[in-house]
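Working notes, structure below.
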Amino acid sequence: MEQNKPSVTPKDFFLWAGAMIALYTSVIAFLNLVFSYINYLYPDTLNNYWVDPYQSGISAFMATVIVALPLFIVLMRLIRKTITEDVTRQDLWVRRWALVLTLFVSAAAVIVTFIVLLTTFLNGEEMTMRFLLKILSVVLVAGAAFAYFFADIKGRWATNPTLSRNISYVVLVVVFAVVFSGFFIVGSPRDARLARYDNQKVNDLQNIQWQIVSYWQAKEKLPASLTELADPISYSNLPTDPQTKVSYEYVVKGKTSFQLCADFNAVSRKTMEGIEPTAPVMLSYQEAKDGAVEKWHHEAGHVCFDRTIDPERYPSQKSLVR
């Protein structure tokens, strides 16, 4: 007599559905996390702006992996326990569909990755380290998932549960090592917050600089203090240090020269493979012709930026009338 096929209970369905959702979520978050590390270590040369990695989603990826991967392992342990108690549970259609779907997605990811790699090569595009590391990451993760679930379909883990459990522990250790290595790669969230403070301070100094230039163009003199820049009619706001809430330091050095100072938490981060971030230019005419670029690179601590207004580049309103 033909043995009846086991029926899928709500418990079976939701265990497998939860395990697959946790798996796909953790894999996607893990790859995005690795991509974030790669983007930080090998910045895009077409983008010369510093991007805070924690603001760009890295913290969400970390949290997702930390929660979703252990959840997947726990759910799979529960599933294997039910199969151990009742061997017929390994013939459930929901199990076959989940495993075959995972194999299909893993294989498709590897194939698409190699197509992208080959297309890039045939187009004669540059094989940057940034690109190759991302390709390698996808291949390794998708290949590992394919090998694990292919062995599951063949029943290897049912006959050797200890090996399956040891592999789970190794995966946990490796993934968590990658997750927490982010604190050494991109710094801690506290470092990122301090960097955002420094970035805002540079933006504020740039804002104040242009208000000073506008003041000089209107009155042919520098303001004696920053309070003279306040103009309720134009609604111009005078920024203050976002960290200490005190005014920035401003020192008049000459008829057209001045200093802007601020206290920074760390050395300014560099972009574009070591090129320092630039700001609105305020150089002499000859310096501009020579291709000089005004920089806002700073060290940690109290830093002052010397600025000189070139009347030829920034003529006063009175001279324009004359």
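How things are named: the first chain in the structure tokens is A, the next is B, and so on; residues count from 1 in each chain; ligands count from 1 in the order shown.
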For Gly57 in chain A: contacts at 12 Å, only C-alpha atoms, fewer than 6 positions along chain excluded, given as a ChimeraX atom specification:
/A:29-30,32-37,51,63-64,189
Please, could you write that set of residues out with C-alpha atoms as an mmCIF file, in the first residue's frame?
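Final output, saved to selection_29.cif:
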data_model
loop_
_atom_site.group_PDB
_atom_site.id
_atom_site.type_symbol
_atom_site.label_atom_id
_atom_site.label_comp_id
_atom_site.auth_asym_id
_atom_site.auth_seq_id
_atom_site.Cartn_x
_atom_site.Cartn_y
_atom_site.Cartn_z
ATOM 1 C CA ALA A 29 21.837 43.012 4.431
ATOM 2 C CA PHE A 30 25.215 41.280 4.695
ATOM 3 C CA ASN A 32 24.990 45.607 1.410
ATOM 4 C CA LEU A 33 27.154 45.850 4.510
ATOM 5 C CA VAL A 34 30.171 44.457 2.652
ATOM 6 C CA PHE A 35 29.460 46.828 -0.248
ATOM 7 C CA SER A 36 29.406 49.741 2.217
ATOM 8 C CA TYR A 37 32.827 48.739 3.521
ATOM 9 C CA VAL A 51 29.452 60.422 2.906
ATOM 10 C CA ALA A 63 21.318 45.540 12.934
ATOM 11 C CA THR A 64 19.541 43.437 10.305
ATOM 12 C CA PRO A 189 28.951 55.558 15.560
#
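Taking only C-alpha atoms, the non-local environment of Ala147 in chain A within 10 Å (same-chain residues fewer than 5 positions away omitted) comprises Leu103, Ser106, Ala107, Ala142 and Asp152 of chain A.
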Convert the current residue selection to file output with N, CA and C atoms, as an mmCIF file, in the first residue's frame.
data_model
loop_
_atom_site.group_PDB
_atom_site.id
_atom_site.type_symbol
_atom_site.label_atom_id
_atom_site.label_comp_id
_atom_site.auth_asym_id
_atom_site.auth_seq_id
_atom_site.Cartn_x
_atom_site.Cartn_y
_atom_site.Cartn_z
ATOM 1 N N LEU A 103 18.177 27.349 -4.043
ATOM 2 C CA LEU A 103 19.189 26.925 -5.015
ATOM 3 C C LEU A 103 19.081 27.739 -6.299
ATOM 4 N N SER A 106 20.321 31.338 -5.663
ATOM 5 C CA SER A 106 21.783 31.356 -5.498
ATOM 6 C C SER A 106 22.483 31.181 -6.836
ATOM 7 N N ALA A 107 22.026 30.196 -7.615
ATOM 8 C CA ALA A 107 22.636 29.957 -8.922
ATOM 9 C C ALA A 107 22.435 31.153 -9.843
ATOM 10 N N ALA A 142 26.718 33.705 -2.489
ATOM 11 C CA ALA A 142 25.739 32.900 -3.227
ATOM 12 C C ALA A 142 26.239 31.472 -3.406
ATOM 13 N N ASP A 152 21.744 19.871 1.668
ATOM 14 C CA ASP A 152 20.514 19.606 2.423
ATOM 15 C C ASP A 152 19.543 18.771 1.610
#
Within 8 Å of Pro6 in chain A using only C-alpha atoms, minus same-chain residues under 2 positions, as an MDAnalysis selection string:
chainID A and resid 4 8 88:89 91:92
Print the selection's residues with N, CA and C atoms to a file, as a short mmCIF file (atom, residue, chain, number, x, y, z; two decimals), in the first residue's frame.
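So part-v8.cif came out as:
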data_model
loop_
_atom_site.label_atom_id
_atom_site.label_comp_id
_atom_site.auth_asym_id
_atom_site.auth_seq_id
_atom_site.Cartn_x
_atom_site.Cartn_y
_atom_site.Cartn_z
N ASN A 4 0.83 7.42 2.60
CA ASN A 4 0.30 8.77 2.40
C ASN A 4 1.40 9.80 2.62
N VAL A 8 1.16 19.34 5.33
CA VAL A 8 1.84 20.53 5.85
C VAL A 8 0.96 21.20 6.89
N THR A 88 9.36 11.68 8.04
CA THR A 88 8.50 11.99 6.89
C THR A 88 8.38 13.50 6.65
N ARG A 89 8.75 14.33 7.65
CA ARG A 89 8.63 15.78 7.49
C ARG A 89 9.60 16.33 6.46
N ASP A 91 9.85 15.25 3.56
CA ASP A 91 9.21 15.15 2.24
C ASP A 91 8.12 16.18 2.05
N LEU A 92 8.00 17.13 2.95
CA LEU A 92 6.98 18.15 2.81
C LEU A 92 7.22 19.01 1.58
#
According to DSSP computed on the backbone, where in range 17-112 of chain A is there alpha helix (DSSP H)? Give the residues as a PyMOL selection string.
chain A and resi 17-41+58-85+93-112
Among the residues A:Thr113, A:Gln217, A:Asn265, A:Thr240, the one that comes closest to Leu194 in chain A [using only C-alpha atoms]:
A:Asn265
Could you name the residues that touch Leu133 in chain A at 10 Å or less, counting only C-alpha atoms, but leaving out those on the same chain fewer than 3 positions away, as a count of residues only?
11
Among A:Leu205, A:Val87, A:Val213, A:Ala108, Thr159 in chain A is approached most closely, using only C-alpha atoms, by A:Val87
For the strand (DSSP E or B) assignment from backbone DSSP, which residues of range 123-303 of chain A qualify? Please present them as a VMD selection string.
chain A and resid 231 236 240 247 249 to 252 257 to 264 271 275 278 295 301 to 303
Writer output for current selection, N, CA and C atoms, as a PDB file, in the first residue's frame:
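Output below, filename selection.pdb:
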ATOM      1  N   ASP A 231      21.318  90.483   9.650  1.00  0.00           N
ATOM      2  CA  ASP A 231      20.454  91.349   8.838  1.00  0.00           C
ATOM      3  C   ASP A 231      19.039  90.796   8.888  1.00  0.00           C
ATOM      4  N   SER A 236      19.257  86.599   7.101  1.00  0.00           N
ATOM      5  CA  SER A 236      20.523  85.868   7.128  1.00  0.00           C
ATOM      6  C   SER A 236      20.819  85.419   8.552  1.00  0.00           C
ATOM      7  N   THR A 240      26.275  79.039  14.526  1.00  0.00           N
ATOM      8  CA  THR A 240      27.157  78.843  15.677  1.00  0.00           C
ATOM      9  C   THR A 240      27.649  77.403  15.672  1.00  0.00           C
ATOM     10  N   SER A 247      29.751  81.058  19.271  1.00  0.00           N
ATOM     11  CA  SER A 247      30.054  81.655  17.973  1.00  0.00           C
ATOM     12  C   SER A 247      31.441  81.224  17.493  1.00  0.00           C
ATOM     13  N   GLU A 249      35.110  81.809  15.766  1.00  0.00           N
ATOM     14  CA  GLU A 249      36.093  82.886  15.943  1.00  0.00           C
ATOM     15  C   GLU A 249      36.356  83.568  14.608  1.00  0.00           C
ATOM     16  N   TYR A 250      36.352  84.905  14.653  1.00  0.00           N
ATOM     17  CA  TYR A 250      36.588  85.714  13.455  1.00  0.00           C
ATOM     18  C   TYR A 250      37.575  86.809  13.820  1.00  0.00           C
ATOM     19  N   VAL A 251      38.655  86.906  13.021  1.00  0.00           N
ATOM     20  CA  VAL A 251      39.705  87.891  13.292  1.00  0.00           C
ATOM     21  C   VAL A 251      40.009  88.649  12.005  1.00  0.00           C
ATOM     22  N   VAL A 252      39.942  89.985  12.063  1.00  0.00           N
ATOM     23  CA  VAL A 252      40.314  90.814  10.912  1.00  0.00           C
ATOM     24  C   VAL A 252      41.832  90.946  10.890  1.00  0.00           C
ATOM     25  N   SER A 257      41.694  90.978   4.354  1.00  0.00           N
ATOM     26  CA  SER A 257      42.044  89.632   4.817  1.00  0.00           C
ATOM     27  C   SER A 257      41.486  89.389   6.221  1.00  0.00           C
ATOM     28  N   PHE A 258      41.163  88.125   6.484  1.00  0.00           N
ATOM     29  CA  PHE A 258      40.586  87.768   7.776  1.00  0.00           C
ATOM     30  C   PHE A 258      40.828  86.281   8.049  1.00  0.00           C
ATOM     31  N   GLN A 259      40.521  85.896   9.274  1.00  0.00           N
ATOM     32  CA  GLN A 259      40.634  84.504   9.694  1.00  0.00           C
ATOM     33  C   GLN A 259      39.293  84.007  10.222  1.00  0.00           C
ATOM     34  N   LEU A 260      38.992  82.748   9.911  1.00  0.00           N
ATOM     35  CA  LEU A 260      37.848  82.066  10.501  1.00  0.00           C
ATOM     36  C   LEU A 260      38.378  80.832  11.215  1.00  0.00           C
ATOM     37  N   CYS A 261      37.970  80.636  12.467  1.00  0.00           N
ATOM     38  CA  CYS A 261      38.525  79.545  13.272  1.00  0.00           C
ATOM     39  C   CYS A 261      37.414  78.709  13.897  1.00  0.00           C
ATOM     40  N   ALA A 262      37.735  77.450  14.139  1.00  0.00           N
ATOM     41  CA  ALA A 262      36.806  76.539  14.803  1.00  0.00           C
ATOM     42  C   ALA A 262      37.604  75.437  15.481  1.00  0.00           C
ATOM     43  N   ASP A 263      36.958  74.764  16.405  1.00  0.00           N
ATOM     44  CA  ASP A 263      37.568  73.631  17.102  1.00  0.00           C
ATOM     45  C   ASP A 263      37.033  72.332  16.492  1.00  0.00           C
ATOM     46  N   PHE A 264      37.950  71.512  15.968  1.00  0.00           N
ATOM     47  CA  PHE A 264      37.555  70.274  15.294  1.00  0.00           C
ATOM     48  C   PHE A 264      37.921  69.056  16.138  1.00  0.00           C
ATOM     49  N   THR A 271      38.708  62.309   0.599  1.00  0.00           N
ATOM     50  CA  THR A 271      37.876  61.688  -0.423  1.00  0.00           C
ATOM     51  C   THR A 271      38.667  61.562  -1.706  1.00  0.00           C
ATOM     52  N   ILE A 275      42.456  62.847  -2.128  1.00  0.00           N
ATOM     53  CA  ILE A 275      42.360  64.266  -2.439  1.00  0.00           C
ATOM     54  C   ILE A 275      41.529  64.945  -1.361  1.00  0.00           C
ATOM     55  N   THR A 278      37.314  70.155  -1.125  1.00  0.00           N
ATOM     56  CA  THR A 278      37.455  71.562  -1.476  1.00  0.00           C
ATOM     57  C   THR A 278      36.213  72.331  -1.071  1.00  0.00           C
ATOM     58  N   LYS A 295      41.354  75.065   0.005  1.00  0.00           N
ATOM     59  CA  LYS A 295      41.007  73.829   0.704  1.00  0.00           C
ATOM     60  C   LYS A 295      40.575  74.118   2.130  1.00  0.00           C
ATOM     61  N   GLY A 301      41.628  69.807  16.744  1.00  0.00           N
ATOM     62  CA  GLY A 301      41.897  70.926  17.631  1.00  0.00           C
ATOM     63  C   GLY A 301      41.489  72.261  17.033  1.00  0.00           C
ATOM     64  N   HIS A 302      42.094  73.324  17.530  1.00  0.00           N
ATOM     65  CA  HIS A 302      41.750  74.678  17.096  1.00  0.00           C
ATOM     66  C   HIS A 302      42.464  74.975  15.779  1.00  0.00           C
ATOM     67  N   VAL A 303      41.682  75.255  14.743  1.00  0.00           N
ATOM     68  CA  VAL A 303      42.244  75.488  13.401  1.00  0.00           C
ATOM     69  C   VAL A 303      41.689  76.788  12.848  1.00  0.00           C
TER      70      VAL A 303
END
Any chance you could tabulate, as a Markdown table, the residues of range 138-210 of chain A at most 12 Å from range 81-86 of chain A with each one's nearest atom pair and distance in Å to one decimal, using only C-alpha atoms, in chain and rising number order?
| residue | atom | partner | partner_atom | distance |
| --- | --- | --- | --- | --- |
| A:Gly155 | CA | A:Ile83 | CA | 11.2 |
| A:Trp157 | CA | A:Thr84 | CA | 10.8 |
| A:Ala158 | CA | A:Thr84 | CA | 7.6 |
| A:Thr159 | CA | A:Thr84 | CA | 9.8 |
| A:Asn160 | CA | A:Thr84 | CA | 11.3 |
| A:Pro161 | CA | A:Thr84 | CA | 9.6 |
| A:Arg165 | CA | A:Lys81 | CA | 12.0 |
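Going from CA of Leu15 in chain A over to CA of Val105 in chain A, you cover 19.7 Å.
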Compile the contact shell of Ile185 in chain A as a PDB file with C-alpha atoms, in the first residue's frame: residues with an atom at most 9 Å away, counting only C-alpha atoms, same-chain residues fewer than 4 positions apart removed.
ATOM      1  CA  TYR A  37      32.827  48.739   3.521  1.00  0.00           C
ATOM      2  CA  TYR A  40      34.317  53.422   2.063  1.00  0.00           C
ATOM      3  CA  LEU A  41      37.736  51.844   1.466  1.00  0.00           C
ATOM      4  CA  SER A 181      35.079  44.786  11.780  1.00  0.00           C
TER       5      SER A 181
END
Min atom-atom distance to Phe149 in chain A from the set A:Ser214, A:Met20, A:Thr162, A:Leu31, counting only C-alpha atoms, belongs to A:Met20
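Shortest separation to Val186 in chain A among A:Thr25, A:Asn39, A:Trp97, A:Ala19 occurs at residue A:Asn39, atoms counted being only C-alpha atoms.
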Atom pair CA of Met62 in chain A + CA of Val179 in chain A, distance 6.1 Å
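Of the listed residues (A:Val246, A:Ala195, A:Phe146, A:Gln209), A:Ala195 comes nearest to Ala300 in chain A; the distances count only C-alpha atoms.
You will find CA of Asp241 in chain A at 9.9 Å from CA of Val202 in chain A.
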